[in-house]
4 protein chains.
Amino acid sequence: MARVRVAVNGFGTIGKRVADAVAKQSDMELVGVTKTRPSFEARRAAEKGYRLYVAGANGAAEFEKAGLPVAGTVSDLLSQVDVVVDAAPEKVGRENRKLYDAAGVRAIFQGGEKSDVAEASFNALGNYAACLGKKSLRVVSCNTTGLARAASVVVPSWGVDHWEATLVRRASDPAETKRGPINGILPTFLLPSHHGPDVRTVFPDLSIATTAVVVPTTLMHVHVNHVRLERPPAHALDVVAAFRSAPRFHLFAPWEHVDGTPQVMEYARDRGIGFNDMMENVLWEEGVRLDGRDLYFFQAIHQESIVVPENVDAIRAMFHLAKDARESIAKTDQALGLAPH
Amino acid sequence: MARVRVAVNGFGTIGKRVADAVAKQSDMELVGVTKTRPSFEARRAAEKGYRLYVAGANGAAEFEKAGLPVAGTVSDLLSQVDVVVDAAPEKVGRENRKLYDAAGVRAIFQGGEKSDVAEASFNALGNYAACLGKKSLRVVSCNTTGLARAASVVVPSWGVDHWEATLVRRASDPAETKRGPINGILPTFLLPSHHGPDVRTVFPDLSIATTAVVVPTTLMHVHVNHVRLERPPAHALDVVAAFRSAPRFHLFAPWEHVDGTPQVMEYARDRGIGFNDMMENVLWEEGVRLDGRDLYFFQAIHQESIVVPENVDAIRAMFHLAKDARESIAKTDQALGLAPH
Amino acid sequence: MARVRVAVNGFGTIGKRVADAVAKQSDMELVGVTKTRPSFEARRAAEKGYRLYVAGANGAAEFEKAGLPVAGTVSDLLSQVDVVVDAAPEKVGRENRKLYDAAGVRAIFQGGEKSDVAEASFNALGNYAACLGKKSLRVVSCNTTGLARAASVVVPSWGVDHWEATLVRRASDPAETKRGPINGILPTFLLPSHHGPDVRTVFPDLSIATTAVVVPTTLMHVHVNHVRLERPPAHALDVVAAFRSAPRFHLFAPWEHVDGTPQVMEYARDRGIGFNDMMENVLWEEGVRLDGRDLYFFQAIHQESIVVPENVDAIRAMFHLAKDARESIAKTDQALGLAPH
Amino acid sequence: MARVRVAVNGFGTIGKRVADAVAKQSDMELVGVTKTRPSFEARRAAEKGYRLYVAGANGAAEFEKAGLPVAGTVSDLLSQVDVVVDAAPEKVGRENRKLYDAAGVRAIFQGGEKSDVAEASFNALGNYAACLGKKSLRVVSCNTTGLARAASVVVPSWGVDHWEATLVRRASDPAETKRGPINGILPTFLLPSHHGPDVRTVFPDLSIATTAVVVPTTLMHVHVNHVRLERPPAHALDVVAAFRSAPRFHLFAPWEHVDGTPQVMEYARDRGIGFNDMMENVLWEEGVRLDGRDLYFFQAIHQESIVVPENVDAIRAMFHLAKDARESIAKTDQALGLAPH
């Protein structure tokens, strides 16, 4: 079967990772990526052999001055692909959709867009089957992806009476140098926060309420979860075992001495997947506790990369490239160097 | 009636504030404070006219070299007072208790000590009456004080079925230059955290479960509260009104444009109480939401100062200096420049 | 003699401090301050009895809704004063100048404006006499003020062959929650930086070259100075003594245990001047070293407040309210609670 | 010729990187590494196939409990190697030296030790030839390595009359969660700082004076250099070209939009060398300026990795494995994936 031809529109934090991930899949072809201006990231794209297409008004002149070859415009790119992964800045995806519709290409949007940007919201473990063959999909945001994955383990295993989560959010990505705060905590006054309803775009029946604060870190989000279970297992170790056996979860044992997100990211650097990414939900065995029906657990979410494998699986769901979620996830994870399951 | 004679043992973050607070009370006399070595804080104590007593092995020599007069040793100080406020570093209070017992003086300990260091744990709004006449009291920690105050409003007004709180904790005080982390989040793996049981030293029957993370800020803690009420009021505005009418709560209106703890501390600097302290629980009107029986609210807690008025009230409870909590709180707050109620 | 009538246009970080400082001077009258929208700072202005005038397009409605009385527009305010202190955001002062010219009032601008916004650039210790009677003055920026003050001690005492300074700049003010970076260092690529030429608006003949980096702190700038002297004193202690005897310098002795800017700000909180400000250049005795003709010293500069007394003195210079810099500085410093000299 | 057998004693920040680097060299064999307790890093060592030897008193029990195979003790390891790279925490190397001497193995120490721990201090570009055949070497610290490399370009090209550098130092490594400060700047009161004399262990005749501050970042140090040249080139572009053509320098062009250390580290993640390291001195073309004889330039130094290739070259110098510095550096850099020259 011919490989699905993929464009990545926007080559920033998410786009560059999705491009790399697509390029590693045997059933996909990365046709090209877009960029609005030259930068070290554009240079890296060229060095990796990705064809660069120019987005925005500046045109190709700046790229040529920098010695970066340009293959055409966004329209040129769209005319050659089956699907475009939109990785534009938040809220721009909706605007871009017009281009995609005009070009008659399928599109995958990111979680910064509202859910009605696409036919369905997507999470591989959560609702792969419901997204088969869709013309447009929206991969839910990093925090929602983290929660949806966790729900995909907890809900079928023990049932959920009610889920509460406090999201302790990173204030900016590591390479963003303009955003703060430097020394403070900002509550998100929307109570409950928008993340709960967003999880329900994947798990429509889940009773979930979330709250959020922003804190001065760049590394990861941390979720503090408290879940009232319907049919609790006998022991917290059962919960640990269930997360350990699920794909896209990484658990640390106490003897690994990982006391927080700085150590998690250090592990990621040690492991050495591209960009030192941590695409799995990260849990700590010490940070899982079962108290009757009350399950508590922390999870750390790497905002830069957690949605990357989800974008790959979304393409598979869209084009029926795998027989089910499990097969797609296994393919994706193997190609990306994530732990096998 | 003679004023109660008070010593403050330890002149650090808490001690220097309690000393100032005691010095402002008409029914108390600050006899002296202790310090282990000269510092700018010792100099300020001298400039304020506080008598300095030397704690620790170094003796008076270093102080004299720095031009700071020394009035004697800790024992000298203890022999002249009715009560000592122990503001030593965490865990040292228990050791100090032997000195206090030997000197036959009453003692007030801080929340860093275990609850059995004293006859009872104290919070002015929470359990003043239960602490009357005690020989030793422990003022609960900053986070516990914040939660106990909030419970003292919520419990009698609407009843509490269950209280959940996630504590987003500051990693160090502003002047501590040795502690981190600089860029990360550290979960507290004890689940639920110790704060819930500590609140029950004041509200023994409260169903409460807390979780905690440490984040790289120095300014304040933020509590994310979710309370299942027994008899909810009609509207969130009723909750706002109840907090507004209680002492030691400060609420910000949306038009004040206070988006997080940096702005709260900026307000504190504008207000100009000593050390730019914020001794009240800080809430945001926007950050209070009622959804059926579910009450959500954020509160910010200034770890350096919130227990200061509590120490003053603890002395009053111990010596029957006020007829009830309300009178003691009113006296304390007026002397400290907190808002009247 | 009638007091000089002063308006403060802009009630942010600098404006609110200058307003308080002006209100404390016996030879000045604070007629009113301007604000574009209600905020906790506007509320504090009202609580302090400052008349609020509305700047910007929004008008008085929002203020009235918030219960804050409005006395009129900026034009109303300008019609009642002799001089306006412009404390608008950077670059807005130049625009405002048209208003001031139209109203025929004298004006004092801040260092964020280019030097040609006013007849002369001002620093009290540096060039008070040269600014007497001017119709408009620009108080140089916080970093330039810090350097100019230091030069006013060093140049006349020992002569300067050449001055090098690296400015380690704070990335945002404590209450700014939108600016970063959170975890990184940003070089200022202009080499040498603009600060050297700015110092020469006060000391035209000084040979000075500066460089700058921005770091993730909110508290203070730190200057690393290396000065090649023409006629060095015998010992570093002579340098310490000279700085100690100059106004607007604060030196810490080693026994005060102040290891960096967090402890400096803690001292400021202990001292208790409004907003816990530190209006002096801060030096450490340990941080002054003389090696032949080479003088090294660190100084910390509180970006929020160091220019406040300078604004007051600029008014005095403009209206001949003091016979010389020394008299003006002494008056200002006494009113503000700075150390006498 | 037989490969040199290498042990790495200490598998922390430096040790794990040196182990990886040694394992990649065709003329060296990594015999094993030591660790005091199990951790994720020990697990990664095992996963990479490195034999683990137990250092410290705890013995092998904890490792076995964690499922990590142990090959023996430090003594066992030392008996099998020609040279040990000591990567123990600062100041422990000197203690360890006794073990190495007793075992009769050559040793390479890190820059945290005093220079007399070894026969000579080493920097590959700076003094490779002077270190040939030594029994012990000390690779100078990260900051000193950065300065020595820069001097190795500047000194021979244009001569140095005098070198000034202000070192803006990171407060902790990214994975260290216990160190601060979180929001402040700490001057290093030793003036000039110890780095200048340390550079002279490599360039004995260089006139250099350094100063230092510590700032709340984990990513990189930044050096602000001002060099008075003896024979300046015609243009700053000549300086840029000289740095570009030297090994172990990485220069960013303006169009790459790298505004500070966060973006440098982002580039490092994009490039994808192990641990996302940046082993080169990083300069910005915009951050190089020549003004007559005065050369200014910024350089960023990745404290975690810059000394890694130097350790490899130190082994080569010790065992005469290359005919000169250039050959050793070229071999090392190719094996590590650094840019060719």
# chains A, B, ... in the order shown; residues from 1 in each chain; ligands from 1

$ residues_around --residues "A:Pro69" --least-positions-apart "5" --cutoff "9 Å" --atoms "only C-alpha atoms" --output "list in words"
Ala46, Arg51, Leu52, Ala60, Phe63 and Glu64 of chain A

$ write_last_selection --atoms "C-alpha atoms" --output "mmCIF file, in the first residue's frame"
data_model
loop_
_atom_site.group_PDB
_atom_site.id
_atom_site.type_symbol
_atom_site.label_atom_id
_atom_site.label_comp_id
_atom_site.auth_asym_id
_atom_site.auth_seq_id
_atom_site.Cartn_x
_atom_site.Cartn_y
_atom_site.Cartn_z
ATOM 1 C CA ALA A 46 17.199 21.388 6.061
ATOM 2 C CA ARG A 51 11.805 20.123 2.332
ATOM 3 C CA LEU A 52 11.013 23.642 3.560
ATOM 4 C CA ALA A 60 11.567 32.939 0.334
ATOM 5 C CA PHE A 63 15.631 31.885 3.619
ATOM 6 C CA GLU A 64 17.770 32.146 0.537
#

$ select_by_dssp --residues "stretch 69-254 of chain B" --states "helix (DSSP H, G or I)" --output "PyMOL selection string"
chain B and resi 74-78+92-103+115-117+124-127+129-131+142-158+195-199+236-245+254

$ interface_residues --of "chain D" --to "chain C" --cutoff "9 Å" --atoms "only C-alpha atoms" --output "JSON, numbers by chain"
{"D": [166, 168, 170, 181, 182, 183, 184, 185, 186, 187, 188, 189, 190, 191, 192, 211, 212, 213, 215, 216, 217, 218, 219, 220, 221, 222, 224, 259, 260, 261, 262, 263, 284, 286, 287, 288, 289, 290, 296, 297, 298]}

$ atom_distance --atom1 "atom CA of D:Leu251" --atom2 "atom CA of A:Ala42"
16.1 Å

$ residues_around --residues "stretch 139-146 of chain B" --least-positions-apart "6" --cutoff "8 Å" --atoms "only C-alpha atoms" --output "PyMOL selection string"
chain B and resi 108-112+121-123+167+195-196+198-199+221+281+301-304+306-307+310-311+314

$ write_last_selection --atoms "N, CA, C and O atoms" --output "compact mmCIF listing (two decimals), in the first residue's frame"
# COMPACT_ATOMS: atom_id res chain seq x y z
N ILE B 108 5.20 28.58 73.90
CA ILE B 108 4.44 28.46 72.65
C ILE B 108 5.39 27.99 71.56
O ILE B 108 6.44 28.60 71.36
N PHE B 109 5.00 26.90 70.89
CA PHE B 109 5.84 26.32 69.85
C PHE B 109 5.23 26.57 68.48
O PHE B 109 4.04 26.89 68.36
N GLN B 110 6.05 26.37 67.47
CA GLN B 110 5.57 26.57 66.10
C GLN B 110 5.18 25.24 65.46
O GLN B 110 5.50 24.17 65.97
N GLY B 111 4.57 25.33 64.30
CA GLY B 111 4.00 24.17 63.63
C GLY B 111 5.01 23.21 63.03
O GLY B 111 4.62 22.11 62.59
N GLY B 112 6.28 23.58 63.02
CA GLY B 112 7.30 22.64 62.56
C GLY B 112 7.53 21.51 63.54
O GLY B 112 8.09 20.48 63.19
N SER B 121 -2.79 22.01 70.13
CA SER B 121 -2.48 22.78 68.94
C SER B 121 -3.50 23.91 68.83
O SER B 121 -4.67 23.72 69.17
N PHE B 122 -3.06 25.06 68.32
CA PHE B 122 -3.85 26.28 68.43
C PHE B 122 -4.08 26.94 67.08
O PHE B 122 -3.18 27.05 66.26
N ASN B 123 -5.32 27.39 66.89
CA ASN B 123 -5.63 28.34 65.83
C ASN B 123 -6.71 29.27 66.34
O ASN B 123 -7.75 28.80 66.84
N LEU B 167 -2.07 21.59 47.95
CA LEU B 167 -1.23 22.68 48.42
C LEU B 167 -0.05 22.84 47.46
O LEU B 167 0.78 21.94 47.32
N HIS B 195 -0.81 17.44 56.01
CA HIS B 195 -1.54 18.66 56.40
C HIS B 195 -2.95 18.36 56.86
O HIS B 195 -3.48 19.03 57.75
N GLY B 196 -3.59 17.39 56.23
CA GLY B 196 -4.95 17.04 56.64
C GLY B 196 -5.00 16.63 58.10
O GLY B 196 -5.73 17.23 58.91
N ASP B 198 -3.00 17.35 60.33
CA ASP B 198 -2.63 18.49 61.16
C ASP B 198 -3.83 19.43 61.36
O ASP B 198 -3.99 20.00 62.45
N VAL B 199 -4.64 19.58 60.33
CA VAL B 199 -5.85 20.39 60.51
C VAL B 199 -6.75 19.76 61.57
O VAL B 199 -7.41 20.45 62.34
N HIS B 221 2.37 30.27 49.39
CA HIS B 221 1.70 29.04 49.00
C HIS B 221 0.36 29.38 48.35
O HIS B 221 -0.23 30.41 48.67
N ASN B 281 -5.53 35.19 55.16
CA ASN B 281 -5.77 34.31 54.01
C ASN B 281 -6.20 35.21 52.85
O ASN B 281 -7.09 36.05 53.02
N ILE B 301 -1.40 31.91 50.78
CA ILE B 301 -0.97 31.92 52.18
C ILE B 301 0.47 32.41 52.24
O ILE B 301 1.36 31.81 51.63
N HIS B 302 0.67 33.48 52.98
CA HIS B 302 2.01 34.04 53.12
C HIS B 302 2.74 33.31 54.25
O HIS B 302 2.53 33.60 55.42
N GLN B 303 3.59 32.41 53.84
CA GLN B 303 4.21 31.49 54.80
C GLN B 303 5.02 32.21 55.88
O GLN B 303 5.20 31.69 56.97
N GLU B 304 5.50 33.38 55.60
CA GLU B 304 6.36 34.06 56.56
C GLU B 304 5.59 34.71 57.70
O GLU B 304 6.14 34.94 58.77
N ILE B 306 1.72 34.46 58.26
CA ILE B 306 0.33 34.14 58.60
C ILE B 306 0.17 33.68 60.04
O ILE B 306 -0.85 33.91 60.67
N VAL B 307 1.21 33.06 60.61
CA VAL B 307 1.08 32.57 61.98
C VAL B 307 1.38 33.64 63.02
O VAL B 307 1.21 33.39 64.23
N GLU B 310 -1.48 34.66 65.17
CA GLU B 310 -1.88 33.47 65.92
C GLU B 310 -1.03 33.29 67.18
O GLU B 310 -1.53 32.89 68.24
N ASN B 311 0.25 33.59 67.07
CA ASN B 311 1.11 33.50 68.25
C ASN B 311 0.67 34.48 69.34
O ASN B 311 0.68 34.14 70.52
N ALA B 314 -2.41 33.16 70.91
CA ALA B 314 -2.11 31.99 71.74
C ALA B 314 -1.67 32.43 73.13
O ALA B 314 -2.04 31.82 74.15

$ atom_distance --atom1 "atom CA of C:Asp313" --atom2 "atom CA of C:Gln80"
20.9 Å

$ atom_distance --atom1 "atom CA of C:Gly274" --atom2 "atom CA of C:Gln25"
14.7 Å

$ closest_residue --among "B:Trp158, B:Thr34, B:Ala330, B:Pro247" --to "B:Ala234" --atoms "only C-alpha atoms"
B:Trp158

$ select_by_dssp --residues "stretch 75-314 of chain C" --states "strand (DSSP E)" --output "ChimeraX atom specification"
/C:83-86,106-109,120-122,136-139,160-170,186-187,208-215,221-229,249-252,281-291,294-301

$ residues_around --residues "stretch 93-99 of chain D" --least-positions-apart "3" --cutoff "10 Å" --atoms "only C-alpha atoms" --output "PyMOL selection string"
chain D and resi 9-10+74-75+78+84-90+102-114+116-118+136

$ decode --residues "stretch 126-159 of chain D" --atoms "N, CA and C atoms" --output "PDB file, in the first residue's frame"
ATOM      1  N   GLY D 126      44.658  24.304  24.741  1.00  0.00           N
ATOM      2  CA  GLY D 126      45.575  25.204  25.422  1.00  0.00           C
ATOM      3  C   GLY D 126      46.977  24.659  25.627  1.00  0.00           C
ATOM      4  N   ASN D 127      47.097  23.426  26.138  1.00  0.00           N
ATOM      5  CA  ASN D 127      48.446  22.964  26.516  1.00  0.00           C
ATOM      6  C   ASN D 127      48.589  21.450  26.388  1.00  0.00           C
ATOM      7  N   TYR D 128      48.047  20.894  25.352  1.00  0.00           N
ATOM      8  CA  TYR D 128      48.125  19.448  25.129  1.00  0.00           C
ATOM      9  C   TYR D 128      49.581  18.963  25.182  1.00  0.00           C
ATOM     10  N   ALA D 129      50.427  19.646  24.467  1.00  0.00           N
ATOM     11  CA  ALA D 129      51.813  19.179  24.343  1.00  0.00           C
ATOM     12  C   ALA D 129      52.510  19.125  25.698  1.00  0.00           C
ATOM     13  N   ALA D 130      52.172  20.083  26.553  1.00  0.00           N
ATOM     14  CA  ALA D 130      52.830  20.146  27.860  1.00  0.00           C
ATOM     15  C   ALA D 130      52.397  19.010  28.779  1.00  0.00           C
ATOM     16  N   CYS D 131      51.367  18.275  28.398  1.00  0.00           N
ATOM     17  CA  CYS D 131      50.806  17.242  29.274  1.00  0.00           C
ATOM     18  C   CYS D 131      51.134  15.829  28.792  1.00  0.00           C
ATOM     19  N   LEU D 132      51.902  15.727  27.747  1.00  0.00           N
ATOM     20  CA  LEU D 132      52.208  14.403  27.186  1.00  0.00           C
ATOM     21  C   LEU D 132      52.892  13.519  28.219  1.00  0.00           C
ATOM     22  N   GLY D 133      52.373  12.300  28.352  1.00  0.00           N
ATOM     23  CA  GLY D 133      53.036  11.311  29.176  1.00  0.00           C
ATOM     24  C   GLY D 133      52.912  11.478  30.679  1.00  0.00           C
ATOM     25  N   LYS D 134      52.133  12.459  31.115  1.00  0.00           N
ATOM     26  CA  LYS D 134      52.002  12.672  32.551  1.00  0.00           C
ATOM     27  C   LYS D 134      51.309  11.478  33.205  1.00  0.00           C
ATOM     28  N   LYS D 135      51.633  11.266  34.465  1.00  0.00           N
ATOM     29  CA  LYS D 135      51.007  10.175  35.223  1.00  0.00           C
ATOM     30  C   LYS D 135      49.644  10.605  35.788  1.00  0.00           C
ATOM     31  N   SER D 136      49.492  11.902  35.987  1.00  0.00           N
ATOM     32  CA  SER D 136      48.197  12.401  36.477  1.00  0.00           C
ATOM     33  C   SER D 136      47.934  13.760  35.851  1.00  0.00           C
ATOM     34  N   LEU D 137      46.694  13.999  35.541  1.00  0.00           N
ATOM     35  CA  LEU D 137      46.300  15.282  34.953  1.00  0.00           C
ATOM     36  C   LEU D 137      45.004  15.754  35.601  1.00  0.00           C
ATOM     37  N   ARG D 138      44.847  17.040  35.586  1.00  0.00           N
ATOM     38  CA  ARG D 138      43.606  17.642  36.079  1.00  0.00           C
ATOM     39  C   ARG D 138      42.994  18.431  34.931  1.00  0.00           C
ATOM     40  N   VAL D 139      41.826  18.010  34.503  1.00  0.00           N
ATOM     41  CA  VAL D 139      41.100  18.764  33.475  1.00  0.00           C
ATOM     42  C   VAL D 139      40.504  19.983  34.160  1.00  0.00           C
ATOM     43  N   VAL D 140      40.801  21.154  33.672  1.00  0.00           N
ATOM     44  CA  VAL D 140      40.335  22.353  34.378  1.00  0.00           C
ATOM     45  C   VAL D 140      38.811  22.448  34.318  1.00  0.00           C
ATOM     46  N   SER D 141      38.255  23.229  35.212  1.00  0.00           N
ATOM     47  CA  SER D 141      36.799  23.283  35.387  1.00  0.00           C
ATOM     48  C   SER D 141      36.089  23.820  34.147  1.00  0.00           C
ATOM     49  N   CYS D 142      34.776  23.762  34.161  1.00  0.00           N
ATOM     50  CA  CYS D 142      33.998  24.180  32.997  1.00  0.00           C
ATOM     51  C   CYS D 142      34.271  25.632  32.626  1.00  0.00           C
ATOM     52  N   ASN D 143      34.253  26.524  33.607  1.00  0.00           N
ATOM     53  CA  ASN D 143      34.492  27.927  33.291  1.00  0.00           C
ATOM     54  C   ASN D 143      35.918  28.148  32.805  1.00  0.00           C
ATOM     55  N   THR D 144      36.845  27.494  33.447  1.00  0.00           N
ATOM     56  CA  THR D 144      38.240  27.657  33.038  1.00  0.00           C
ATOM     57  C   THR D 144      38.466  27.057  31.657  1.00  0.00           C
ATOM     58  N   THR D 145      37.825  25.926  31.389  1.00  0.00           N
ATOM     59  CA  THR D 145      37.941  25.336  30.054  1.00  0.00           C
ATOM     60  C   THR D 145      37.436  26.301  28.997  1.00  0.00           C
ATOM     61  N   GLY D 146      36.308  26.924  29.265  1.00  0.00           N
ATOM     62  CA  GLY D 146      35.759  27.876  28.310  1.00  0.00           C
ATOM     63  C   GLY D 146      36.702  29.033  28.052  1.00  0.00           C
ATOM     64  N   LEU D 147      37.282  29.566  29.121  1.00  0.00           N
ATOM     65  CA  LEU D 147      38.214  30.682  28.968  1.00  0.00           C
ATOM     66  C   LEU D 147      39.506  30.237  28.291  1.00  0.00           C
ATOM     67  N   ALA D 148      39.997  29.054  28.654  1.00  0.00           N
ATOM     68  CA  ALA D 148      41.257  28.575  28.069  1.00  0.00           C
ATOM     69  C   ALA D 148      41.085  28.318  26.573  1.00  0.00           C
ATOM     70  N   ARG D 149      39.967  27.746  26.197  1.00  0.00           N
ATOM     71  CA  ARG D 149      39.732  27.554  24.759  1.00  0.00           C
ATOM     72  C   ARG D 149      39.725  28.891  24.022  1.00  0.00           C
ATOM     73  N   ALA D 150      39.019  29.854  24.586  1.00  0.00           N
ATOM     74  CA  ALA D 150      38.956  31.166  23.933  1.00  0.00           C
ATOM     75  C   ALA D 150      40.346  31.776  23.841  1.00  0.00           C
ATOM     76  N   ALA D 151      41.107  31.639  24.918  1.00  0.00           N
ATOM     77  CA  ALA D 151      42.470  32.183  24.903  1.00  0.00           C
ATOM     78  C   ALA D 151      43.318  31.484  23.841  1.00  0.00           C
ATOM     79  N   SER D 152      43.047  30.203  23.632  1.00  0.00           N
ATOM     80  CA  SER D 152      43.867  29.468  22.655  1.00  0.00           C
ATOM     81  C   SER D 152      43.622  29.966  21.232  1.00  0.00           C
ATOM     82  N   VAL D 153      42.513  30.636  21.001  1.00  0.00           N
ATOM     83  CA  VAL D 153      42.276  31.266  19.699  1.00  0.00           C
ATOM     84  C   VAL D 153      42.840  32.690  19.692  1.00  0.00           C
ATOM     85  N   VAL D 154      42.567  33.425  20.748  1.00  0.00           N
ATOM     86  CA  VAL D 154      42.886  34.857  20.753  1.00  0.00           C
ATOM     87  C   VAL D 154      44.374  35.119  20.912  1.00  0.00           C
ATOM     88  N   VAL D 155      45.002  34.423  21.849  1.00  0.00           N
ATOM     89  CA  VAL D 155      46.408  34.716  22.160  1.00  0.00           C
ATOM     90  C   VAL D 155      47.307  34.575  20.932  1.00  0.00           C
ATOM     91  N   PRO D 156      47.308  33.421  20.256  1.00  0.00           N
ATOM     92  CA  PRO D 156      48.228  33.308  19.118  1.00  0.00           C
ATOM     93  C   PRO D 156      47.847  34.205  17.941  1.00  0.00           C
ATOM     94  N   SER D 157      46.580  34.529  17.797  1.00  0.00           N
ATOM     95  CA  SER D 157      46.163  35.313  16.637  1.00  0.00           C
ATOM     96  C   SER D 157      46.515  36.788  16.771  1.00  0.00           C
ATOM     97  N   TRP D 158      46.223  37.355  17.917  1.00  0.00           N
ATOM     98  CA  TRP D 158      46.319  38.812  18.020  1.00  0.00           C
ATOM     99  C   TRP D 158      47.050  39.296  19.274  1.00  0.00           C
ATOM    100  N   GLY D 159      47.471  38.378  20.111  1.00  0.00           N
ATOM    101  CA  GLY D 159      48.130  38.775  21.350  1.00  0.00           C
ATOM    102  C   GLY D 159      47.159  39.385  22.330  1.00  0.00           C
TER     103      GLY D 159
END
